[in-house]
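Text of run-v1.txt, listed as compact mmCIF, C-alpha atoms:
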```txt
# COMPACT_ATOMS: atom_id res chain seq x y z
CA GLU A 1 38.31 -46.65 -16.83
CA ALA A 2 38.77 -50.43 -16.64
CA GLY A 3 41.28 -51.63 -14.08
CA VAL A 4 44.07 -54.18 -14.29
CA ALA A 5 42.67 -57.58 -15.16
CA GLN A 6 44.21 -60.86 -14.03
CA SER A 7 43.32 -64.48 -14.55
CA PRO A 8 42.85 -66.98 -13.18
CA ARG A 9 41.89 -65.68 -9.72
CA TYR A 10 42.74 -68.94 -8.01
CA LYS A 11 44.93 -71.89 -8.96
CA ILE A 12 45.82 -75.07 -7.10
CA ILE A 13 48.60 -77.28 -8.46
CA GLU A 14 50.93 -79.96 -7.21
CA LYS A 15 54.64 -79.33 -6.82
CA ARG A 16 56.70 -79.81 -9.96
CA GLN A 17 53.73 -78.87 -12.16
CA SER A 18 53.75 -75.74 -14.30
CA VAL A 19 51.37 -72.80 -14.15
CA ALA A 20 50.81 -69.56 -16.05
CA PHE A 21 49.18 -66.30 -15.05
CA TRP A 22 47.84 -63.61 -17.35
CA CYS A 23 47.63 -59.85 -16.90
CA ASN A 24 45.97 -57.15 -18.97
CA PRO A 25 47.07 -53.69 -17.80
CA ILE A 26 45.14 -50.43 -17.94
CA SER A 27 44.96 -49.16 -21.49
CA GLY A 28 47.86 -46.89 -22.34
CA HIS A 29 50.02 -47.91 -19.39
CA ALA A 30 53.52 -48.53 -20.66
CA THR A 31 54.93 -49.99 -17.46
CA LEU A 32 53.85 -53.37 -16.11
CA TYR A 33 54.95 -55.04 -12.90
CA TRP A 34 54.62 -58.53 -11.46
CA TYR A 35 54.79 -58.89 -7.69
CA GLN A 36 54.77 -61.90 -5.38
CA GLN A 37 52.95 -61.48 -2.07
CA ILE A 38 53.49 -64.28 0.41
CA LEU A 39 50.97 -64.49 3.26
CA GLY A 40 51.84 -61.98 5.96
CA GLN A 41 54.34 -60.09 3.80
CA GLY A 42 54.28 -57.10 1.54
CA PRO A 43 54.46 -57.45 -2.24
CA LYS A 44 57.91 -58.17 -3.65
CA LEU A 45 58.74 -57.05 -7.16
CA LEU A 46 59.56 -59.94 -9.48
CA ILE A 47 59.86 -58.17 -12.82
CA GLN A 48 59.16 -54.80 -14.41
CA PHE A 49 58.50 -54.18 -18.10
CA GLN A 50 58.66 -50.87 -19.93
CA ASN A 51 56.59 -51.52 -23.07
CA ASN A 52 57.91 -54.94 -24.09
CA GLY A 53 61.41 -54.57 -22.63
CA VAL A 54 62.56 -55.76 -19.20
CA VAL A 55 63.66 -52.97 -16.85
CA ASP A 56 64.31 -55.02 -13.71
CA ASP A 57 64.18 -58.76 -13.15
CA SER A 58 66.79 -58.94 -10.43
CA GLN A 59 64.46 -60.73 -7.99
CA LEU A 60 62.94 -63.15 -10.48
CA PRO A 61 64.06 -66.78 -9.81
CA LYS A 62 65.05 -67.32 -13.41
CA ASP A 63 65.62 -71.05 -13.05
CA ARG A 64 61.88 -71.57 -12.70
CA PHE A 65 60.08 -68.28 -13.38
CA SER A 66 59.69 -66.59 -16.75
CA ALA A 67 57.65 -63.64 -17.96
CA GLU A 68 56.96 -62.02 -21.27
CA ARG A 69 55.14 -59.01 -22.66
CA LEU A 70 55.41 -59.62 -26.36
CA LYS A 71 53.35 -56.77 -27.82
CA GLY A 72 53.82 -54.30 -24.99
CA VAL A 73 50.31 -54.85 -23.65
CA ASP A 74 49.31 -58.19 -22.06
CA SER A 75 51.80 -60.17 -20.02
CA THR A 76 52.14 -63.74 -18.82
CA LEU A 77 54.11 -65.04 -15.85
CA LYS A 78 55.03 -68.73 -15.81
CA ILE A 79 56.38 -71.00 -13.12
CA GLN A 80 57.93 -74.30 -14.17
CA PRO A 81 58.37 -76.42 -12.09
CA ALA A 82 56.48 -75.08 -9.07
CA LYS A 83 57.74 -75.52 -5.51
CA LEU A 84 55.79 -75.43 -2.25
CA GLU A 85 57.33 -72.06 -1.40
CA ASP A 86 55.79 -70.52 -4.53
CA SER A 87 52.40 -70.51 -2.79
CA ALA A 88 51.50 -66.83 -2.78
CA VAL A 89 49.35 -64.18 -4.41
CA TYR A 90 50.77 -62.96 -7.71
CA LEU A 91 49.88 -59.34 -8.32
CA CYS A 92 50.11 -57.47 -11.57
CA ALA A 93 50.30 -53.69 -11.59
CA SER A 94 50.60 -51.08 -14.30
CA SER A 95 51.47 -47.41 -14.52
CA LEU A 96 51.96 -44.70 -17.11
CA GLY A 97 55.56 -44.47 -15.91
CA GLY A 98 57.37 -44.30 -12.59
CA SER A 99 56.53 -46.01 -9.34
CA LEU A 100 53.99 -43.54 -7.97
CA GLY A 101 50.98 -44.22 -10.09
CA GLN A 102 50.84 -48.01 -9.91
CA PHE A 103 47.40 -49.60 -10.15
CA PHE A 104 47.12 -53.18 -8.95
CA GLY A 105 44.97 -56.01 -10.20
CA PRO A 106 43.12 -58.36 -7.84
CA GLY A 107 45.87 -60.97 -7.97
CA THR A 108 46.05 -64.69 -8.61
CA ARG A 109 46.16 -66.84 -5.47
CA LEU A 110 48.41 -69.84 -6.12
CA THR A 111 48.47 -72.87 -3.82
CA VAL A 112 51.16 -75.47 -4.44
CA LEU A 113 50.47 -78.83 -2.74
CA GLN I 1 67.94 -55.71 8.18
CA LYS I 2 64.95 -55.18 5.91
CA GLU I 3 64.77 -51.89 4.02
CA VAL I 4 61.27 -51.23 5.36
CA GLU I 5 59.99 -52.38 8.74
CA GLN I 6 56.33 -52.09 9.66
CA ASP I 7 54.64 -52.68 12.99
CA PRO I 8 53.03 -56.10 12.44
CA GLY I 9 49.81 -55.67 14.39
CA PRO I 10 47.11 -56.80 14.15
CA LEU I 11 45.19 -53.85 15.51
CA SER I 12 41.61 -53.98 16.72
CA VAL I 13 39.92 -50.71 17.63
CA PRO I 14 36.36 -49.56 18.36
CA GLU I 15 34.53 -47.47 15.80
CA GLY I 16 35.44 -43.81 16.11
CA ALA I 17 38.92 -44.42 17.52
CA ILE I 18 42.14 -43.05 16.02
CA VAL I 19 44.25 -45.66 14.26
CA SER I 20 48.01 -45.12 14.24
CA LEU I 21 50.25 -47.06 11.86
CA ASN I 22 54.03 -46.81 11.64
CA CYS I 23 56.99 -47.78 9.47
CA THR I 24 60.72 -47.26 9.68
CA TYR I 25 63.20 -47.47 6.84
CA SER I 26 66.93 -47.68 6.37
CA ASN I 27 67.50 -46.49 2.78
CA SER I 28 68.20 -42.75 2.65
CA ALA I 29 67.62 -42.81 -1.12
CA PHE I 30 63.86 -43.22 -0.71
CA GLN I 31 62.14 -40.17 -2.18
CA TYR I 32 58.43 -40.96 -2.08
CA PHE I 33 56.48 -42.39 0.81
CA MET I 34 53.14 -44.07 0.29
CA TRP I 35 50.37 -45.84 2.11
CA TYR I 36 48.33 -48.53 0.41
CA ARG I 37 45.13 -50.14 1.64
CA GLN I 38 44.46 -53.78 0.79
CA TYR I 39 41.08 -55.35 1.39
CA SER I 40 40.87 -59.12 1.69
CA ARG I 41 41.25 -60.89 -1.66
CA LYS I 42 41.95 -57.57 -3.44
CA GLY I 43 45.04 -55.83 -4.76
CA PRO I 44 46.56 -52.86 -2.92
CA GLU I 45 45.16 -49.41 -3.69
CA LEU I 46 47.06 -46.19 -3.15
CA LEU I 47 45.70 -44.12 -0.25
CA MET I 48 48.21 -41.32 0.06
CA TYR I 49 51.70 -40.35 -0.94
CA THR I 50 54.14 -37.65 0.08
CA TYR I 51 57.73 -36.77 -0.71
CA SER I 52 58.67 -34.33 2.02
CA SER I 53 58.93 -34.35 5.78
CA GLY I 54 55.85 -33.11 7.56
CA ASN I 55 52.16 -33.86 7.52
CA LYS I 56 49.73 -34.34 4.68
CA GLU I 57 45.99 -34.57 5.27
CA ASP I 58 43.27 -36.10 3.12
CA GLY I 59 39.92 -36.24 4.82
CA ARG I 60 40.18 -38.56 7.81
CA PHE I 61 43.70 -39.66 6.84
CA THR I 62 46.97 -37.96 7.82
CA ALA I 63 50.36 -39.13 6.56
CA GLN I 64 53.41 -38.03 8.48
CA VAL I 65 57.05 -38.32 7.38
CA ASP I 66 60.15 -37.65 9.46
CA LYS I 67 63.14 -38.11 7.17
CA SER I 68 65.66 -37.33 9.91
CA SER I 69 64.38 -40.30 11.93
CA LYS I 70 63.50 -42.41 8.86
CA TYR I 71 60.01 -42.86 10.24
CA ILE I 72 56.58 -42.56 8.64
CA SER I 73 53.10 -42.79 10.10
CA LEU I 74 49.50 -42.94 8.98
CA PHE I 75 46.68 -41.76 11.22
CA ILE I 76 43.04 -42.56 10.60
CA ARG I 77 40.61 -40.36 12.51
CA ASP I 78 37.03 -41.34 13.34
CA SER I 79 37.69 -44.89 12.14
CA GLN I 80 34.83 -46.77 10.49
CA PRO I 81 34.20 -50.51 10.03
CA SER I 82 34.83 -49.92 6.32
CA ASP I 83 38.44 -49.00 7.25
CA SER I 84 39.04 -52.63 8.24
CA ALA I 85 41.83 -53.75 5.92
CA THR I 86 45.57 -54.34 5.73
CA TYR I 87 47.60 -51.15 5.44
CA LEU I 88 50.95 -51.30 3.66
CA CYS I 89 53.60 -48.63 3.74
CA ALA I 90 55.72 -48.36 0.61
CA MET I 91 58.73 -46.31 -0.34
CA SER I 92 60.26 -45.49 -3.65
CA SER I 93 63.60 -44.60 -5.09
CA ASP I 94 63.65 -44.19 -8.87
CA TYR I 95 61.04 -46.58 -10.21
CA LYS I 96 61.09 -49.32 -7.57
CA LEU I 97 58.65 -49.74 -4.68
CA SER I 98 59.68 -51.39 -1.42
CA PHE I 99 56.77 -52.46 0.77
CA GLY I 100 56.40 -53.08 4.48
CA ALA I 101 54.80 -56.33 5.60
CA GLY I 102 51.46 -54.68 6.33
CA THR I 103 49.35 -54.11 9.43
CA THR I 104 45.88 -55.63 9.57
CA VAL I 105 43.34 -53.30 11.15
CA THR I 106 39.90 -54.28 12.37
CA VAL I 107 37.44 -51.56 13.35
CA ARG I 108 34.71 -52.96 15.58
CA ALA I 109 31.19 -51.54 15.20
```
Please re-express this file's structure in structure tokens.
Amino acid sequence: EAGVAQSPRYKIIEKRQSVAFWCNPISGHATLYWYQQILGQGPKLLIQFQNNGVVDDSQLPKDRFSAERLKGVDSTLKIQPAKLEDSAVYLCASSLGGSLGQFFGPGTRLTVL
Amino acid sequence: QKEVEQDPGPLSVPEGAIVSLNCTYSNSAFQYFMWYRQYSRKGPELLMYTYSSGNKEDGRFTAQVDKSSKYISLFIRDSQPSDSATYLCAMSSDYKLSFGAGTTVTVRA
């Protein structure tokens, strides 16, 4: 069974630039999550999708972050404009449903200069 | 106060030692208690989960939950260099996971 795929793996940008991350979940997984993991901290949920609908985006900084999952499969997370404090690893996870069976991708490491 | 507090470490132990990792939590609504392992430059992977107070064993790993004290532990017996990683506790109510900050463990050969 293929795992959660993410790209790119690494990205370096300057502040105020925009960036987008892509995630392809495990086939058949209806629930998709985006997490932000700052160095030395645990992952923090940014947004959760159930199929192509948003379940929870309460911790997503909506003035600069956006995410979509148009066909209920792949998802993109965008930051525009980026700030220095956005430097982190952005993890995508998917599950059949519920929080227990979440499988994580390798993450995208973002550095904002 | 954070919902989940985890001993920050780092921990460095010799091969064969017992590793003890701990977390405390404040939210009584948490129903499931998990431990994830995260290797460098990788995403977290689920090691163990439990939903009741008591112990749960899986090979060299034992997860312990004390709901009355809001305290969970993970023990790794006969630790190996391949156990070197960051260990994250996580807790769930409904669909949402709340993670600890992680403890980095190094097992010296």
Contact table chain I vs chain A, cut-off 8 Å, shortest pair per residue, all atoms listed in the file, as a Markdown table:
```
| residue | atom | partner | partner_atom | distance |
| --- | --- | --- | --- | --- |
| I:Tyr32 | CA | A:Leu100 | CA | 7.8 |
| I:Arg41 | CA | A:Pro106 | CA | 6.9 |
| I:Lys42 | CA | A:Pro106 | CA | 4.6 |
| I:Gly43 | CA | A:Pro106 | CA | 4.4 |
| I:Pro44 | CA | A:Phe104 | CA | 6.1 |
| I:Glu45 | CA | A:Phe104 | CA | 6.8 |
| I:Leu46 | CA | A:Phe103 | CA | 7.8 |
| I:Leu88 | CA | A:Gly42 | CA | 7.0 |
| I:Ser92 | CA | A:Ser99 | CA | 6.8 |
| I:Asp94 | CA | A:Gly98 | CA | 7.3 |
| I:Tyr95 | CA | A:Ser99 | CA | 4.6 |
| I:Lys96 | CA | A:Ser99 | CA | 5.9 |
| I:Leu97 | CA | A:Ser99 | CA | 6.3 |
| I:Ser98 | CA | A:Lys44 | CA | 7.4 |
| I:Phe99 | CA | A:Gly42 | CA | 5.3 |
| I:Gly100 | CA | A:Gly42 | CA | 5.4 |
| I:Ala101 | CA | A:Gly42 | CA | 4.2 |
| I:Gly102 | CA | A:Gly42 | CA | 6.1 |
```
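For A:Ser66, the set of protein, DNA and RNA residues having any atom at most 12 Å away, when counting all atoms listed in the file and skipping those fewer than 6 positions along the same chain, is Ser18, Val19, Ala20, Phe21, Trp34, Leu46, Ile47, Val54, Asp57, Gln59, Leu60, Ser75, Thr76, Leu77, Lys78, Ile79, Gln80, Pro81 and Ala82 of chain A.
From atom CA of I:Thr24 back to atom CA of I:Gly54, the distance works out to 15.1 Å.
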Go ahead and compute the interatomic distance for atom CA of I:Tyr71 and atom CA of I:Asn22, in Å to one decimal. 7.3 Å
Separation of atom CA of A:Gly72 and atom CA of A:Ala5, in Å?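 If I compute the distance from atom CA of A:Gly72 to atom CA of A:Ala5, I get 15.2 Å.
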Shell around I:Tyr25 at 7 Å using all atoms listed in the file, local window under 2 positions removed, as a list in words: Glu3, Val4, Glu5, Cys23, Asn27, Lys70 and Tyr71 of chain I
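If all atoms listed in the file are the atoms counted, then among A:Gln50, A:Arg69, A:Leu110, A:Pro61 the closest residue to A:Ala30 is A:Gln50.
You can rank A:Leu32, A:Val73, A:Ala2, A:Ile12 by their closest distance to A:Asp86 using only C-alpha atoms, and at the top of that list sits A:Ile12.
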As a VMD selection string, please: the residues near A:Leu113 (cut-off 8 Å, all atoms listed in the file, same-chain neighbours under 6 positions excluded). chain A and resid 12 to 15 84
Which is closer to I:Thr104 than all the others in I:Gln1, I:Tyr51, I:Phe30, I:Val19, using only C-alpha atoms? I:Val19
Listed atoms of stretch 103-110 of chain A boxed axis-aligned with 6 Å per side, centre + edges as AutoDock Vina command-line options:
```
--center_x 45.8 --center_y -59.7 --center_z -7.8 --size_x 17.3 --size_y 32.2 --size_z 16.7
```
Tell me which protein, DNA and RNA residues are within 10 Å of I:Asp58, counting all atoms listed in the file, leaving out same-chain ones fewer than 2 positions away, and put them as a JSON list (two decimals) with C-alpha atoms, keeping the file's coordinate frame.
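To be explicit, this is the file written out as part23.json:
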```
[["chain", "number", "residue", "atom", "x", "y", "z"],
["I", 47, "LEU", "CA", 45.70, -44.12, -0.25],
["I", 48, "MET", "CA", 48.21, -41.32, 0.06],
["I", 56, "LYS", "CA", 49.73, -34.34, 4.68],
["I", 60, "ARG", "CA", 40.18, -38.56, 7.81],
["I", 61, "PHE", "CA", 43.70, -39.66, 6.84],
["I", 62, "THR", "CA", 46.97, -37.96, 7.82],
["I", 63, "ALA", "CA", 50.36, -39.13, 6.56],
["I", 76, "ILE", "CA", 43.04, -42.56, 10.60]]
```
As an mmCIF file, in the coordinates of the input, could you write out stretch 15-33 of chain A once it has been completed with N, CA and C atoms?
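Writing the result to part_25.cif gives the following:
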```cif
data_model
loop_
_atom_site.group_PDB
_atom_site.id
_atom_site.type_symbol
_atom_site.label_atom_id
_atom_site.label_comp_id
_atom_site.auth_asym_id
_atom_site.auth_seq_id
_atom_site.Cartn_x
_atom_site.Cartn_y
_atom_site.Cartn_z
ATOM 1 N N LYS A 15 53.239 -79.733 -6.583
ATOM 2 C CA LYS A 15 54.640 -79.330 -6.820
ATOM 3 C C LYS A 15 55.173 -80.057 -8.052
ATOM 4 N N ARG A 16 56.058 -79.369 -8.715
ATOM 5 C CA ARG A 16 56.700 -79.810 -9.960
ATOM 6 C C ARG A 16 55.824 -79.592 -11.195
ATOM 7 N N GLN A 17 54.559 -79.213 -11.003
ATOM 8 C CA GLN A 17 53.730 -78.870 -12.160
ATOM 9 C C GLN A 17 54.072 -77.452 -12.626
ATOM 10 N N SER A 18 53.554 -77.088 -13.780
ATOM 11 C CA SER A 18 53.750 -75.740 -14.300
ATOM 12 C C SER A 18 52.430 -74.970 -14.240
ATOM 13 N N VAL A 19 52.552 -73.647 -14.224
ATOM 14 C CA VAL A 19 51.370 -72.800 -14.150
ATOM 15 C C VAL A 19 51.672 -71.473 -14.844
ATOM 16 N N ALA A 20 50.645 -70.850 -15.384
ATOM 17 C CA ALA A 20 50.810 -69.560 -16.050
ATOM 18 C C ALA A 20 49.712 -68.609 -15.603
ATOM 19 N N PHE A 21 50.109 -67.350 -15.443
ATOM 20 C CA PHE A 21 49.180 -66.300 -15.050
ATOM 21 C C PHE A 21 49.156 -65.243 -16.153
ATOM 22 N N TRP A 22 48.005 -64.615 -16.288
ATOM 23 C CA TRP A 22 47.840 -63.610 -17.350
ATOM 24 C C TRP A 22 47.447 -62.272 -16.748
ATOM 25 N N CYS A 23 47.935 -61.203 -17.371
ATOM 26 C CA CYS A 23 47.630 -59.850 -16.900
ATOM 27 C C CYS A 23 47.337 -58.948 -18.087
ATOM 28 N N ASN A 24 46.280 -58.182 -17.980
ATOM 29 C CA ASN A 24 45.970 -57.150 -18.970
ATOM 30 C C ASN A 24 45.982 -55.804 -18.257
ATOM 31 N N PRO A 25 46.954 -54.951 -18.558
ATOM 32 C CA PRO A 25 47.070 -53.690 -17.800
ATOM 33 C C PRO A 25 46.024 -52.659 -18.238
ATOM 34 N N ILE A 26 46.007 -51.545 -17.550
ATOM 35 C CA ILE A 26 45.140 -50.430 -17.940
ATOM 36 C C ILE A 26 45.608 -49.907 -19.288
ATOM 37 N N SER A 27 44.650 -49.613 -20.141
ATOM 38 C CA SER A 27 44.960 -49.160 -21.490
ATOM 39 C C SER A 27 45.874 -47.935 -21.471
ATOM 40 N N GLY A 28 46.945 -48.025 -22.235
ATOM 41 C CA GLY A 28 47.860 -46.890 -22.340
ATOM 42 C C GLY A 28 48.998 -46.912 -21.335
ATOM 43 N N HIS A 29 48.943 -47.828 -20.379
ATOM 44 C CA HIS A 29 50.020 -47.910 -19.390
ATOM 45 C C HIS A 29 51.208 -48.657 -19.973
ATOM 46 N N ALA A 30 52.341 -47.951 -20.037
ATOM 47 C CA ALA A 30 53.520 -48.530 -20.660
ATOM 48 C C ALA A 30 54.281 -49.461 -19.715
ATOM 49 N N THR A 31 54.141 -49.229 -18.426
ATOM 50 C CA THR A 31 54.930 -49.990 -17.460
ATOM 51 C C THR A 31 54.070 -51.044 -16.780
ATOM 52 N N LEU A 32 54.583 -52.250 -16.713
ATOM 53 C CA LEU A 32 53.850 -53.370 -16.110
ATOM 54 C C LEU A 32 54.765 -54.073 -15.118
ATOM 55 N N TYR A 33 54.197 -54.414 -13.978
ATOM 56 C CA TYR A 33 54.950 -55.040 -12.900
ATOM 57 C C TYR A 33 54.276 -56.355 -12.495
#
```
